[in-house]
Amino acid sequence: MSLSFRIKYKAAYIWWVVAFLCIGILSFQFPVGQKLNIAVSPLIHIVQSPVRWLQDLSLWLDTSSALQQRVLTLQEEVDKQVALRQVLATVRAENKQLRHLLNITQLDGYVWQAVPVVSRSQEEKSQRLIVQASGIHKDDIVVSHEGLVGLVDEVGAEYAVVRTILDASIAVPVTKAGTQMAGLVRGDGEHLLVDFIPRAKAPNVGDFLIASGAGGVYPVGLPVAVVEKVNAVAGGVFVEVIASPVAYWQRDAWLSIASKQHAH
């Protein structure tokens, strides 16, 4: 092949490439080119579809992840707000209990100390409590803002074990305000039994029983129990009276301990 022929061949090839590029550029500007572009567009669209799908999938995954993170963040904020509201409700309830305790501690002859409850026994009605306290003594009286809870049973350096009136070892002389009725309240683990109530002086269901002061252990007038049932005993002198404590220490976070004040 001669040199002149190779030169002519290369020149023709270059001219064909240039012409093709020109036609491609001009095809977007003139009707014939636009028709060609329209005809080829579906093919181009099909070829580009996988790329677009991948881009859409990536965008969806990124958006979904961002939304999930946002939901988690909002849920954490909601949980924090709920926890704060619960703490606020607890603090308000404790403040209310303490204010009521201040009212009950106006009974003369005793030194009072408000103490937090740190533990309760496993029985449904918690016959034993542990409170954080110091400077108290065995058999000191324990009350809630509602009434009598029980007695201090054991004393440690910074704590005390409380035996509640549901325990059978505790007996509280009681009366009904404005009457001459006299009885003795003792626990049976679940309820309070009121002994030695004559049939003629039987209380009514719903009546409140208060400490009579007999024996000098419990302050006169301290609320003790509310009557639940009154049953007549055939041929008996006394009636059977079942009561429940007025104090609800299973829920109270604070109680008060009363130490009897001795004259100097």
# chains A, B, ... in the order shown; residues from 1 in each chain; ligands from 1
call {"tool": "residues_around", "arguments": {"residues": "range 161-166 of chain A", "least_positions_apart": "3", "cutoff": "7 Å", "atoms": "only C-alpha atoms", "output": "list in words"}}
result
Gln127, Arg128, Leu129, Ile130, Val131, Val149, Gly150, Leu151, Val152, Asp153, Glu154, Val155, Ile170, Arg186, Gly187, Asp188, Gly189, Glu190, His191 and Leu192 of chain A
call {"tool": "residues_around", "arguments": {"residues": "Val246 in chain A", "least_positions_apart": "6", "cutoff": "9 Å", "atoms": "only C-alpha atoms", "output": "JSON list (two decimals) with N, CA and C atoms, in the first residue's frame"}}
result
[["chain", "number", "residue", "atom", "x", "y", "z"],
["A", 146, "GLU", "N", -52.45, 9.97, 108.09],
["A", 146, "GLU", "CA", -53.83, 9.52, 108.29],
["A", 146, "GLU", "C", -54.08, 8.99, 109.70],
["A", 147, "GLY", "N", -53.04, 8.41, 110.30],
["A", 147, "GLY", "CA", -53.24, 7.86, 111.64],
["A", 147, "GLY", "C", -52.14, 6.89, 112.03],
["A", 148, "LEU", "N", -52.43, 6.03, 113.00],
["A", 148, "LEU", "CA", -51.44, 5.14, 113.59],
["A", 148, "LEU", "C", -50.98, 4.07, 112.59],
["A", 149, "VAL", "N", -49.65, 3.88, 112.52],
["A", 149, "VAL", "CA", -49.04, 2.83, 111.70],
["A", 149, "VAL", "C", -48.59, 1.66, 112.56],
["A", 208, "PHE", "N", -65.18, 5.65, 112.86],
["A", 208, "PHE", "CA", -63.74, 5.72, 113.11],
["A", 208, "PHE", "C", -63.46, 5.47, 114.59],
["A", 223, "PRO", "N", -56.11, 8.76, 115.31],
["A", 223, "PRO", "CA", -56.94, 7.83, 114.52],
["A", 223, "PRO", "C", -56.25, 6.48, 114.38],
["A", 224, "VAL", "N", -57.04, 5.41, 114.54],
["A", 224, "VAL", "CA", -56.48, 4.05, 114.52],
["A", 224, "VAL", "C", -57.12, 3.19, 113.43],
["A", 225, "ALA", "N", -58.45, 3.11, 113.42],
["A", 225, "ALA", "CA", -59.12, 2.15, 112.53],
["A", 225, "ALA", "C", -60.49, 2.66, 112.10],
["A", 226, "VAL", "N", -61.01, 2.04, 111.06],
["A", 226, "VAL", "CA", -62.37, 2.30, 110.60],
["A", 226, "VAL", "C", -63.10, 0.96, 110.57]]
call {"tool": "residues_around", "arguments": {"residues": "Phe238 in chain A", "least_positions_apart": "4", "cutoff": "12 Å", "atoms": "only C-alpha atoms", "output": "number ranges by chain"}}
result
A: 181-183, 194-203, 230-234
call {"tool": "write_last_selection", "arguments": {"atoms": "C-alpha atoms", "output": "compact mmCIF listing (two decimals), in the first residue's frame"}}
result
# COMPACT_ATOMS: atom_id res chain seq x y z
CA MET A 181 -67.20 2.79 124.25
CA ALA A 182 -63.88 1.10 125.04
CA GLY A 183 -62.26 -1.70 123.05
CA VAL A 194 -61.78 -5.03 117.96
CA ASP A 195 -62.28 -6.96 121.18
CA PHE A 196 -64.46 -6.34 124.25
CA ILE A 197 -67.16 -4.24 122.57
CA PRO A 198 -70.50 -4.77 124.40
CA ARG A 199 -73.53 -5.38 122.25
CA ALA A 200 -75.20 -2.22 123.63
CA LYS A 201 -72.25 -0.05 122.60
CA ALA A 202 -71.52 -1.62 119.23
CA PRO A 203 -70.25 0.85 116.61
CA VAL A 230 -70.16 -5.71 113.02
CA ASN A 231 -71.49 -9.22 113.74
CA ALA A 232 -73.65 -10.19 116.67
CA VAL A 233 -72.54 -13.38 118.44
CA ALA A 234 -75.43 -15.62 119.45
call {"tool": "closest_residue", "arguments": {"among": "A:Val71, A:Val82, A:Ala66, A:Ala157", "to": "Gly135 in chain A", "atoms": "only C-alpha atoms"}}
result
A:Ala157
call {"tool": "atom_distance", "arguments": {"atom1": "CA of Glu240 in chain A", "atom2": "CA of Ser121 in chain A"}}
result
28.8 Å
call {"tool": "residues_around", "arguments": {"residues": "Asn204 in chain A", "least_positions_apart": "4", "cutoff": "9 Å", "atoms": "only C-alpha atoms", "output": "list in words"}}
result
Val227, Glu228, Lys229 and Val230 of chain A
call {"tool": "write_last_selection", "arguments": {"atoms": "C-alpha atoms", "output": "PDB file, in the first residue's frame"}}
result
ATOM      1  CA  VAL A 227     -65.100  -0.286 111.225  1.00  0.00           C
ATOM      2  CA  GLU A 228     -65.771  -2.695 108.338  1.00  0.00           C
ATOM      3  CA  LYS A 229     -68.126  -5.302 109.861  1.00  0.00           C
ATOM      4  CA  VAL A 230     -70.161  -5.715 113.019  1.00  0.00           C
TER       5      VAL A 230
END
call {"tool": "select_by_dssp", "arguments": {"residues": "range 127-173 of chain A", "states": "strand (DSSP E)", "output": "number ranges by chain"}}
result
A: 128-132, 141-143, 148-155, 159-164, 171-173
call {"tool": "residues_around", "arguments": {"residues": "Gly178 in chain A", "least_positions_apart": "5", "cutoff": "12 Å", "atoms": "only C-alpha atoms", "output": "list in words"}}
result
Pro203, Asp207, Phe208, Leu209, Ile210, Ser212 and Gly221 of chain A
call {"tool": "write_last_selection", "arguments": {"atoms": "C-alpha atoms", "output": "PDB file, in the first residue's frame"}}
result
ATOM      1  CA  PRO A 203     -70.252   0.854 116.615  1.00  0.00           C
ATOM      2  CA  ASP A 207     -67.277   4.569 112.280  1.00  0.00           C
ATOM      3  CA  PHE A 208     -63.745   5.725 113.110  1.00  0.00           C
ATOM      4  CA  LEU A 209     -61.976   4.420 116.188  1.00  0.00           C
ATOM      5  CA  ILE A 210     -59.357   6.556 117.921  1.00  0.00           C
ATOM      6  CA  SER A 212     -58.362   6.252 124.049  1.00  0.00           C
ATOM      7  CA  GLY A 221     -57.383  11.015 119.846  1.00  0.00           C
TER       8      GLY A 221
END
call {"tool": "residues_around", "arguments": {"residues": "range 252-257 of chain A", "least_positions_apart": "6", "cutoff": "6 Å", "atoms": "only C-alpha atoms", "output": "number ranges by chain"}}
result
A: 112-117, 141-144
call {"tool": "residues_around", "arguments": {"residues": "Gly109 in chain A", "least_positions_apart": "3", "cutoff": "9 Å", "atoms": "only C-alpha atoms", "output": "list in words"}}
result
Pro219, Ser259, Lys260, Gln261 and His262 of chain A
